[in-house]
$ cat final-v8.tsv   # TSV, C-alpha atoms
chain	number	residue	atom	x	y	z
O	1	MET	CA	11.20	6.96	-11.07
O	2	SER	CA	9.93	6.04	-14.49
O	3	PRO	CA	7.75	3.11	-15.64
O	4	SER	CA	8.46	1.92	-19.15
O	5	ASN	CA	5.39	0.53	-20.84
O	6	PRO	CA	5.92	-1.88	-23.73
O	7	ALA	CA	2.45	-3.28	-23.03
O	8	ILE	CA	0.71	0.03	-23.58
O	9	VAL	CA	-0.23	-0.95	-27.10
O	10	GLU	CA	-2.63	-3.55	-25.66
O	11	PRO	CA	-4.16	-1.76	-22.68
O	12	ARG	CA	-7.34	-3.81	-22.41
O	13	ARG	CA	-5.50	-7.12	-22.10
O	14	THR	CA	-2.90	-5.77	-19.69
O	15	LEU	CA	-5.60	-4.54	-17.29
O	16	LEU	CA	-6.60	-8.12	-16.36
O	17	PRO	CA	-3.59	-8.65	-14.06
O	18	VAL	CA	-4.15	-5.21	-12.53
O	19	PHE	CA	-7.70	-6.15	-11.56
O	20	ALA	CA	-6.46	-9.54	-10.31
O	21	ALA	CA	-3.96	-7.83	-8.01
O	22	CYS	CA	-6.66	-5.54	-6.62
O	23	ALA	CA	-9.01	-8.48	-6.10
O	24	ALA	CA	-6.31	-10.27	-4.12
O	25	ILE	CA	-5.75	-7.39	-1.72
O	26	GLY	CA	-9.53	-6.87	-1.55
O	27	LEU	CA	-9.99	-10.46	-0.43
O	28	GLN	CA	-7.25	-10.21	2.20
O	29	ALA	CA	-7.64	-6.73	3.68
O	30	GLY	CA	-11.38	-6.62	2.93
O	31	VAL	CA	-11.86	-9.68	5.13
O	32	ASN	CA	-9.46	-8.74	7.91
O	33	MET	CA	-10.55	-5.12	8.40
O	34	PRO	CA	-14.05	-5.94	9.69
O	35	LEU	CA	-13.25	-9.30	11.32
O	36	VAL	CA	-10.55	-8.12	13.71
O	37	PRO	CA	-12.64	-5.25	15.17
O	38	LEU	CA	-15.67	-7.55	15.56
O	39	ALA	CA	-13.61	-10.15	17.39
O	40	LEU	CA	-12.10	-7.51	19.70
O	41	GLU	CA	-15.57	-6.08	20.35
O	42	GLN	CA	-16.79	-9.57	21.28
O	43	GLN	CA	-13.84	-9.89	23.69
O	44	GLY	CA	-14.95	-6.70	25.46
O	45	HIS	CA	-12.24	-4.25	24.35
O	46	ASP	CA	-13.20	-0.57	24.09
O	47	LYS	CA	-13.41	1.21	20.75
O	48	LEU	CA	-10.20	3.18	21.21
O	49	VAL	CA	-8.24	-0.09	21.53
O	50	ILE	CA	-10.05	-1.41	18.44
O	51	GLY	CA	-9.08	1.74	16.56
O	52	VAL	CA	-5.44	1.51	17.59
O	53	VAL	CA	-5.18	-2.19	16.61
O	54	SER	CA	-6.86	-1.47	13.27
O	55	ALA	CA	-4.48	1.43	12.64
O	56	ALA	CA	-1.50	-0.94	12.79
O	57	TRP	CA	-2.26	-1.91	9.16
O	58	ALA	CA	-1.75	1.69	8.15
O	59	ILE	CA	1.46	1.98	10.18
O	60	GLY	CA	2.88	-1.07	8.39
O	61	MET	CA	2.00	0.37	4.99
O	62	LEU	CA	3.48	3.76	5.83
O	63	ALA	CA	6.66	2.22	7.23
O	64	PHE	CA	7.30	0.20	4.08
O	65	GLY	CA	5.42	2.14	1.38
O	66	THR	CA	8.29	4.29	0.14
O	67	ARG	CA	10.30	1.14	-0.63
O	68	ILE	CA	7.62	-0.48	-2.81
O	69	PRO	CA	8.69	1.12	-6.13
O	70	GLN	CA	12.31	0.06	-5.53
O	71	LEU	CA	11.14	-3.48	-4.73
O	72	ALA	CA	9.09	-3.65	-7.93
O	73	ALA	CA	11.98	-2.17	-9.94
O	74	ARG	CA	14.38	-4.79	-8.62
O	75	PHE	CA	12.23	-7.93	-8.85
O	76	GLY	CA	9.59	-6.97	-11.42
O	77	ALA	CA	5.94	-5.97	-10.98
O	78	VAL	CA	4.40	-9.45	-11.11
O	79	PRO	CA	6.96	-11.23	-8.87
O	80	ALA	CA	6.57	-8.45	-6.29
O	81	ILE	CA	2.76	-8.68	-6.36
O	82	ILE	CA	2.59	-12.48	-6.21
O	83	GLY	CA	5.21	-12.71	-3.45
O	84	SER	CA	3.32	-10.23	-1.31
O	85	VAL	CA	-0.02	-11.99	-1.94
O	86	ILE	CA	1.49	-15.28	-0.75
O	87	VAL	CA	2.85	-13.67	2.41
O	88	GLY	CA	-0.49	-11.91	2.95
O	89	ALA	CA	-2.34	-15.23	2.68
O	90	ALA	CA	-0.02	-16.71	5.32
O	91	ILE	CA	-0.75	-13.75	7.60
O	92	ASN	CA	-4.49	-14.32	7.11
O	93	CYS	CA	-4.00	-17.88	8.31
O	94	ALA	CA	-2.00	-16.66	11.32
O	95	TYR	CA	-5.06	-14.81	12.63
O	96	THR	CA	-6.72	-18.18	13.21
O	97	VAL	CA	-4.06	-19.37	15.69
O	98	THR	CA	-3.59	-16.10	17.63
O	99	SER	CA	-5.85	-13.75	19.57
O	100	GLY	CA	-5.83	-10.52	21.52
O	101	PRO	CA	-4.96	-6.91	20.66
O	102	ILE	CA	-1.15	-7.21	20.90
O	103	ALA	CA	-0.85	-10.23	18.61
O	104	TRP	CA	-3.34	-8.89	16.11
O	105	ALA	CA	-1.74	-5.44	16.09
O	106	GLY	CA	1.51	-7.17	15.09
O	107	LEU	CA	-0.20	-9.16	12.35
O	108	ASN	CA	-2.02	-6.06	11.12
O	109	PHE	CA	1.33	-4.24	10.93
O	110	LEU	CA	2.87	-7.04	8.85
O	111	HIS	CA	-0.17	-7.25	6.64
O	112	GLY	CA	0.00	-3.53	5.97
O	113	ALA	CA	3.68	-3.78	5.04
O	114	PHE	CA	3.12	-6.58	2.52
O	115	GLY	CA	-0.45	-5.73	1.48
O	116	GLY	CA	0.61	-2.36	0.12
O	117	VAL	CA	2.74	-3.98	-2.59
O	118	PRO	CA	-0.01	-5.28	-4.93
O	119	TRP	CA	-2.00	-2.12	-4.28
O	120	VAL	CA	0.70	0.40	-5.19
O	121	VAL	CA	2.29	-1.60	-8.02
O	122	SER	CA	-1.05	-2.33	-9.70
O	123	GLU	CA	-1.98	1.37	-9.61
O	124	ILE	CA	1.34	2.35	-11.20
O	125	TRP	CA	0.75	-0.30	-13.86
O	126	MET	CA	-2.79	0.95	-14.49
O	127	ASN	CA	-1.88	4.63	-14.79
O	128	VAL	CA	0.79	3.67	-17.35
O	129	VAL	CA	-1.44	1.69	-19.71
O	130	VAL	CA	-4.85	3.41	-19.44
O	131	GLU	CA	-5.84	5.98	-22.05
O	132	GLU	CA	-6.92	9.37	-20.69
O	133	LYS	CA	-10.42	9.17	-22.20
O	134	ARG	CA	-11.14	5.90	-20.34
O	135	ARG	CA	-9.29	6.67	-17.12
O	136	GLY	CA	-12.31	7.40	-14.90
O	137	ARG	CA	-14.22	4.26	-15.89
O	138	VAL	CA	-11.20	1.97	-15.57
O	139	MET	CA	-10.35	3.40	-12.15
O	140	GLY	CA	-13.96	2.77	-11.15
O	141	ILE	CA	-13.81	-0.91	-12.14
O	142	TYR	CA	-10.51	-1.22	-10.31
O	143	ALA	CA	-11.95	0.29	-7.12
O	144	ALA	CA	-14.97	-2.04	-7.29
O	145	MET	CA	-12.71	-5.08	-6.90
O	146	VAL	CA	-12.15	-4.25	-3.24
O	147	ALA	CA	-15.79	-5.24	-2.63
O	148	LEU	CA	-14.94	-8.93	-2.87
O	149	GLY	CA	-13.71	-9.30	0.73
O	150	PRO	CA	-16.81	-8.12	2.59
O	151	LEU	CA	-19.08	-9.99	0.17
O	152	VAL	CA	-17.29	-13.24	1.09
O	153	LEU	CA	-18.31	-12.66	4.71
O	154	GLN	CA	-21.97	-12.99	3.75
O	155	VAL	CA	-21.25	-16.58	2.73
O	156	VAL	CA	-18.78	-17.77	5.37
O	157	GLY	CA	-19.83	-15.69	8.40
O	158	VAL	CA	-17.94	-13.26	10.62
O	159	TYR	CA	-16.60	-15.43	13.45
O	160	GLY	CA	-14.09	-18.28	13.65
O	161	PRO	CA	-11.28	-19.31	11.30
O	162	ALA	CA	-13.40	-19.91	8.17
O	163	PRO	CA	-13.52	-16.28	6.88
O	164	PHE	CA	-9.76	-15.77	7.36
O	165	LEU	CA	-8.90	-19.05	5.61
O	166	THR	CA	-11.39	-18.44	2.80
O	167	GLY	CA	-9.98	-14.99	2.14
O	168	ALA	CA	-6.45	-16.41	2.05
O	169	GLY	CA	-7.34	-19.18	-0.38
O	170	LEU	CA	-9.36	-17.01	-2.74
O	171	SER	CA	-6.66	-14.32	-2.82
O	172	LEU	CA	-4.17	-16.89	-4.07
O	173	LEU	CA	-6.66	-18.12	-6.67
O	174	VAL	CA	-7.41	-14.70	-8.15
O	175	ALA	CA	-3.68	-13.95	-8.41
O	176	VAL	CA	-3.24	-16.77	-10.97
O	177	PRO	CA	-4.02	-14.50	-14.01
O	178	LEU	CA	-0.87	-12.54	-13.14
O	179	LEU	CA	1.43	-15.46	-14.00
O	180	PRO	CA	1.38	-15.10	-17.83
O	181	HIS	CA	2.55	-11.49	-17.36
O	182	TRP	CA	5.60	-12.44	-15.27
O	183	SER	CA	8.07	-10.99	-17.75
O	184	THR	CA	5.84	-8.70	-19.85
O	185	ALA	CA	4.48	-6.31	-17.22
O	186	PRO	CA	5.52	-2.65	-17.50
O	187	ARG	CA	8.98	-2.17	-16.03
O	188	ILE	CA	9.34	0.28	-13.16
O	189	ARG	CA	12.58	2.26	-12.99
O	190	VAL	CA	13.71	4.30	-10.01
O	191	ASP	CA	14.74	7.90	-10.52
O	192	ALA	CA	16.68	9.04	-7.46
O	193	SER	CA	16.18	12.71	-8.32
O	194	SER	CA	12.41	12.52	-7.87
O	195	GLY	CA	10.86	13.20	-4.44
O	196	PHE	CA	7.49	12.53	-2.79
O	197	SER	CA	6.97	16.12	-1.72
O	198	ALA	CA	7.36	17.28	-5.33
O	199	VAL	CA	4.54	15.07	-6.64
O	200	VAL	CA	2.25	16.03	-3.74
O	201	VAL	CA	2.68	19.68	-4.73
O	202	LEU	CA	1.90	18.82	-8.37
O	203	ALA	CA	-1.50	17.32	-7.49
O	204	PRO	CA	-2.57	18.65	-4.05
O	205	LEU	CA	-6.32	18.16	-4.54
O	206	ALA	CA	-5.94	14.53	-5.58
O	207	MET	CA	-3.63	13.89	-2.62
O	208	PHE	CA	-5.95	15.47	-0.04
O	209	ALA	CA	-8.91	13.61	-1.53
O	210	ALA	CA	-6.95	10.37	-1.07
O	211	PHE	CA	-6.45	11.24	2.62
O	212	ALA	CA	-10.16	12.04	3.19
O	213	CYS	CA	-11.29	8.97	1.24
O	214	GLY	CA	-8.90	6.72	3.15
O	215	LEU	CA	-10.16	8.06	6.45
O	216	GLY	CA	-13.81	7.49	5.55
O	217	GLU	CA	-13.43	4.06	3.95
O	218	GLN	CA	-11.13	2.57	6.56
O	219	VAL	CA	-13.29	3.89	9.40
O	220	ALA	CA	-16.29	2.25	7.71
O	221	PHE	CA	-14.50	-1.08	7.28
O	222	SER	CA	-13.28	-1.12	10.87
O	223	PHE	CA	-16.24	0.45	12.70
O	224	LEU	CA	-19.43	-0.04	10.70
O	225	PRO	CA	-20.03	-3.57	12.09
O	226	VAL	CA	-19.10	-2.31	15.58
O	227	TYR	CA	-21.47	0.64	15.11
O	228	ALA	CA	-24.24	-1.81	14.19
O	229	VAL	CA	-23.74	-3.88	17.35
O	230	GLY	CA	-23.74	-0.72	19.47
O	231	ALA	CA	-26.95	0.42	17.76
O	232	GLY	CA	-28.69	-2.77	18.83
O	233	VAL	CA	-28.46	-5.10	15.84
O	234	SER	CA	-26.48	-8.34	15.45
O	235	ALA	CA	-22.90	-8.68	14.23
O	236	GLU	CA	-24.22	-10.57	11.21
O	237	THR	CA	-26.43	-7.59	10.37
O	238	GLY	CA	-23.36	-5.39	10.80
O	239	ALA	CA	-21.56	-7.51	8.21
O	240	LEU	CA	-24.60	-7.11	5.95
O	241	TRP	CA	-24.30	-3.34	6.36
O	242	LEU	CA	-20.68	-3.56	5.30
O	243	SER	CA	-21.70	-5.62	2.28
O	244	ALA	CA	-24.24	-2.91	1.41
O	245	PHE	CA	-21.45	-0.34	1.73
O	246	VAL	CA	-19.27	-2.20	-0.78
O	247	MET	CA	-22.21	-3.10	-3.04
O	248	GLY	CA	-22.83	0.61	-3.42
O	249	ASN	CA	-19.26	0.73	-4.67
O	250	VAL	CA	-19.95	-1.98	-7.26
O	251	ILE	CA	-23.18	-0.36	-8.45
O	252	LEU	CA	-22.05	3.27	-8.68
O	253	GLN	CA	-18.42	3.01	-9.77
O	254	TRP	CA	-19.13	2.71	-13.49
O	255	PRO	CA	-21.64	5.59	-13.81
O	256	ILE	CA	-19.54	7.91	-11.66
O	257	GLY	CA	-16.43	6.86	-13.58
O	258	TRP	CA	-18.24	7.62	-16.84
O	259	LEU	CA	-19.23	11.04	-15.47
O	260	ALA	CA	-15.60	11.70	-14.51
O	261	ASP	CA	-14.62	11.04	-18.13
O	262	GLN	CA	-17.24	13.49	-19.45
O	263	ALA	CA	-17.19	16.37	-16.93
O	264	ASP	CA	-14.59	18.30	-14.94
O	265	ARG	CA	-13.22	15.78	-12.46
O	266	ARG	CA	-12.86	18.43	-9.78
O	267	GLY	CA	-16.62	19.04	-9.91
O	268	VAL	CA	-17.34	15.30	-9.80
O	269	LEU	CA	-15.01	14.99	-6.83
O	270	ALA	CA	-16.79	17.84	-5.01
O	271	GLY	CA	-20.14	16.14	-5.62
O	272	CYS	CA	-18.89	12.83	-4.22
O	273	THR	CA	-17.41	14.34	-1.06
O	274	LEU	CA	-20.46	16.54	-0.42
O	275	ALA	CA	-22.89	13.63	-0.86
O	276	SER	CA	-20.72	11.45	1.39
O	277	MET	CA	-20.77	14.11	4.09
O	278	LEU	CA	-24.56	14.44	3.99
O	279	LEU	CA	-25.13	10.68	4.03
O	280	VAL	CA	-22.81	9.99	6.96
O	281	ILE	CA	-24.44	12.82	8.94
O	282	ALA	CA	-27.86	11.28	8.19
O	283	LEU	CA	-26.80	7.78	9.31
O	284	PRO	CA	-27.46	8.22	13.07
O	285	MET	CA	-30.85	9.78	12.30
O	286	VAL	CA	-32.11	6.58	10.62
O	287	PRO	CA	-33.30	3.77	12.96
O	288	ALA	CA	-30.78	0.93	12.90
O	289	GLN	CA	-33.53	-1.70	12.69
O	290	SER	CA	-35.18	-0.13	9.64
O	291	SER	CA	-34.71	-0.89	5.95
O	292	PRO	CA	-33.80	2.71	4.99
O	293	VAL	CA	-30.54	2.44	6.93
O	294	VAL	CA	-29.30	-0.09	4.36
O	295	ALA	CA	-30.12	2.35	1.54
O	296	VAL	CA	-28.22	5.15	3.29
O	297	ILE	CA	-25.19	2.90	3.77
O	298	LEU	CA	-25.33	1.63	0.18
O	299	LEU	CA	-25.37	5.18	-1.19
O	300	TRP	CA	-22.63	6.27	1.20
O	301	GLY	CA	-20.48	3.38	0.05
O	302	GLY	CA	-21.09	4.11	-3.62
O	303	VAL	CA	-20.27	7.80	-3.57
O	304	SER	CA	-17.49	7.64	-0.96
O	305	PHE	CA	-15.68	4.81	-2.75
O	306	SER	CA	-15.88	6.93	-5.90
O	307	ILE	CA	-13.72	9.62	-4.31
O	308	TYR	CA	-10.71	7.32	-4.72
O	309	PRO	CA	-10.91	6.50	-8.44
O	310	VAL	CA	-11.94	10.05	-9.38
O	311	ALA	CA	-8.96	11.44	-7.43
O	312	LEU	CA	-6.72	8.75	-8.93
O	313	ALA	CA	-7.87	9.78	-12.41
O	314	LEU	CA	-7.06	13.40	-11.50
O	315	LEU	CA	-3.61	12.25	-10.43
O	316	GLY	CA	-2.99	10.44	-13.70
O	317	GLN	CA	-4.22	13.51	-15.55
O	318	ARG	CA	-1.66	15.73	-13.78
O	319	LEU	CA	1.41	13.46	-13.75
O	320	ARG	CA	3.53	12.16	-16.60
O	321	GLY	CA	6.59	10.02	-17.14
O	322	GLY	CA	8.89	9.72	-14.16
O	323	ASP	CA	6.35	11.22	-11.74
O	324	ILE	CA	3.72	8.48	-12.16
O	325	ALA	CA	5.26	5.80	-9.95
O	326	ARG	CA	6.25	8.20	-7.17
O	327	GLY	CA	2.87	9.95	-7.38
O	328	ASN	CA	0.91	6.69	-7.09
O	329	THR	CA	2.95	5.66	-4.06
O	330	ALA	CA	2.38	9.02	-2.34
O	331	PHE	CA	-1.33	8.83	-3.19
O	332	SER	CA	-1.68	5.37	-1.64
O	333	MET	CA	0.27	6.36	1.45
O	334	LEU	CA	-1.91	9.42	2.03
O	335	TYR	CA	-4.98	7.19	1.71
O	336	ILE	CA	-3.47	4.93	4.37
O	337	LEU	CA	-2.50	7.91	6.52
O	338	GLY	CA	-6.17	8.90	6.51
O	339	GLY	CA	-7.05	5.55	8.03
O	340	LEU	CA	-4.23	5.84	10.55
O	341	VAL	CA	-5.60	9.17	11.74
O	342	GLY	CA	-9.27	8.27	11.40
O	343	ARG	CA	-9.49	4.96	13.23
O	344	PRO	CA	-8.24	6.03	16.68
O	345	LEU	CA	-9.97	9.40	16.31
O	346	THR	CA	-13.28	7.74	15.48
O	347	GLY	CA	-12.86	5.16	18.23
O	348	ALA	CA	-12.29	7.91	20.79
O	349	ALA	CA	-15.27	9.90	19.44
O	350	MET	CA	-17.53	6.85	19.69
O	351	ASP	CA	-16.36	6.18	23.26
O	352	ALA	CA	-17.11	9.81	24.15
O	353	PHE	CA	-20.33	10.45	22.20
O	354	GLY	CA	-21.66	7.02	21.29
O	355	GLU	CA	-22.40	5.77	17.78
O	356	PRO	CA	-22.96	9.29	16.30
O	357	GLY	CA	-19.24	9.95	16.87
O	358	LEU	CA	-18.52	7.90	13.74
O	359	GLY	CA	-20.54	10.14	11.46
O	360	TRP	CA	-19.38	13.40	13.00
O	361	THR	CA	-15.70	12.49	12.66
O	362	VAL	CA	-15.88	11.34	9.05
O	363	ALA	CA	-18.16	14.20	7.98
O	364	LEU	CA	-15.60	16.75	9.11
O	365	PHE	CA	-12.99	15.45	6.66
O	366	TYR	CA	-15.48	15.01	3.81
O	367	ALA	CA	-16.43	18.68	4.34
O	368	ALA	CA	-12.79	19.77	4.12
O	369	ALA	CA	-12.32	17.78	0.88
O	370	THR	CA	-15.47	19.34	-0.58
O	371	LEU	CA	-14.18	22.81	0.19
O	372	ALA	CA	-10.80	22.00	-1.39
O	373	ALA	CA	-12.43	20.67	-4.57
O	374	LEU	CA	-14.73	23.69	-4.89
O	375	LEU	CA	-11.81	26.09	-4.42
O	376	ALA	CA	-9.82	24.24	-7.10
O	377	LEU	CA	-12.81	24.40	-9.42
O	378	ARG	CA	-13.26	28.12	-8.80
O	379	ARG	CA	-9.57	28.84	-9.50
O	380	ALA	CA	-9.82	26.91	-12.76
O	381	GLY	CA	-12.88	28.95	-13.74

$ encode --input "final-v8.tsv" --output "structure tokens"
Amino acid sequence: MSPSNPAIVEPRRTLLPVFAACAAIGLQAGVNMPLVPLALEQQGHDKLVIGVVSAAWAIGMLAFGTRIPQLAARFGAVPAIIGSVIVGAAINCAYTVTSGPIAWAGLNFLHGAFGGVPWVVSEIWMNVVVEEKRRGRVMGIYAAMVALGPLVLQVVGVYGPAPFLTGAGLSLLVAVPLLPHWSTAPRIRVDASSGFSAVVVLAPLAMFAAFACGLGEQVAFSFLPVYAVGAGVSAETGALWLSAFVMGNVILQWPIGWLADQADRRGVLAGCTLASMLLVIALPMVPAQSSPVVAVILLWGGVSFSIYPVALALLGQRLRGGDIARGNTAFSMLYILGGLVGRPLTGAAMDAFGEPGLGWTVALFYAAATLAALLALRRAG
């Protein structure tokens, strides 16, 4: 699989549609991920059921993810992204006329299948056109775009049809900058001789970091508002916590991205995973009604979100030519697999041990990623 990149001579201009695609999926998935668990919690379903329903998004992505590069190769990057954004907006609207775990599990599955398209294709596009010396900072800006969905909830609320419909409408609006690039986007070609297992072996640290990051982020999106309600604060405060989580992403992405362009990215990755582990362990120790809990969540969001772009920059650093498209797809699918594993596991832990089960579950995987990064750094030394 090999992306050709006639637009590489103008990387700054060609990044606008990449950011637009990420903003679109951020507005769709970033709205749905917290809203569905909150609605199920309000209906009285236990946290294991909430985790299983939330994991359906990941199952849809995993079921369809390996076909995304072929889809983009056949129809073009921009047509594939815009088509999937339109379908995703329709799915957002469908949440407003359905209810219950079975129906929403089905919609989550469909949304995962289509929502993965703009995500994977935009990352392939980005890794093709971004210069190595700017890779960490650009990946940081890209990752910050996912913050748009939860921030919308602070304006439109967390219950009823309004947040779903707003997310759908805004996702269509931010996709408009893609249209001028309909025929000029980098072309993606499929190389049948390339395999997913081969690219995972080429960049094992980046791939495992994607898994750990996906587990932590998707657990936060699905369970942080539920955690807040269980800790004795309102659902609206839970949505505020989630906004703090993503605002940390917006605030810290650029400085951490800059650091990843100046220092060894394996060391930066180890620092992010270690800090994330310590912060999520500290979360249950901070009173839920106090102001410091917001600071802990903001910092957790900032450093844990940074795992993704730093690992993505490591991936782009290791892969070249025909491996880029396949590597980006595998990276995204491992991120999603982390959420698939983490949501039911965290839900079961919270049912068994209460709210601290969230932190204990996520911390375990952050610790494993920290160890992997430190071992890679030691081997390099």

$ atom_distance --input "final-v8.tsv" --atom1 "CA of Tyr366 (chain O)" --atom2 "CA of Met277 (chain O)"
5.4 Å

$ atom_distance --input "final-v8.tsv" --atom1 "CA of Leu173 (chain O)" --atom2 "CA of Ala113 (chain O)"
21.2 Å

$ closest_residue --input "final-v8.tsv" --among "O:Leu62, O:Leu374, O:Ala349, O:Leu202" --to "Cys272 (chain O)" --atoms "all atoms listed in the file"
O:Leu374

$ residues_around --input "final-v8.tsv" --residues "Pro161 (chain O)" --least-positions-apart "4" --cutoff "12 Å" --atoms "only C-alpha atoms" --output "list in words"
Val31, Asn32, Leu35, Val36, Ala39, Asn92, Cys93, Ala94, Tyr95, Thr96, Val97, Thr98, Ser99, Leu153, Val156, Gly157, Leu165, Thr166, Gly167 and Ala168 of chain O

$ closest_residue --input "final-v8.tsv" --among "O:Gly149, O:Pro37, O:Pro118, O:Pro204" --to "Val229 (chain O)" --atoms "all atoms listed in the file"
O:Pro37

$ axis_aligned_box --input "final-v8.tsv" --around "region 256-262 of chain O" --padding-each-side "8 Å" --output "lines of an AutoDock Vina configuration file"
center_x = -17.1
center_y = 10.2
center_z = -15.6
size_x = 20.9
size_y = 22.6
size_z = 23.8

$ closest_atom_pairs --input "final-v8.tsv" --of "region 119-192 of chain O" --to "region 230-244 of chain O" --cutoff "8 Å" --atoms "all atoms listed in the file" --output "CSV"
residue,atom,partner,partner_atom,distance
O:Ala147,CA,O:Ser243,CA,7.7
O:Pro150,CA,O:Ser243,CA,5.5
O:Leu151,CA,O:Ser243,CA,5.5
O:Leu153,CA,O:Ala239,CA,7.0
O:Gln154,CA,O:Leu240,CA,6.8
O:Gly157,CA,O:Glu236,CA,7.3
O:Val158,CA,O:Glu236,CA,6.9

$ write_last_selection --input "final-v8.tsv" --atoms "C-alpha atoms" --output "CSV table (one decimal), in the coordinates of the input"
chain,number,residue,atom,x,y,z
O,147,ALA,CA,-15.8,-5.2,-2.6
O,150,PRO,CA,-16.8,-8.1,2.6
O,151,LEU,CA,-19.1,-10.0,0.2
O,153,LEU,CA,-18.3,-12.7,4.7
O,154,GLN,CA,-22.0,-13.0,3.8
O,157,GLY,CA,-19.8,-15.7,8.4
O,158,VAL,CA,-17.9,-13.3,10.6

$ atom_distance --input "final-v8.tsv" --atom1 "CA of Pro284 (chain O)" --atom2 "CA of Pro356 (chain O)"
5.6 Å

$ closest_residue --input "final-v8.tsv" --among "O:Ala58, O:Leu172, O:Ala373, O:Val341" --to "Gln28 (chain O)" --atoms "all atoms listed in the file"
O:Leu172
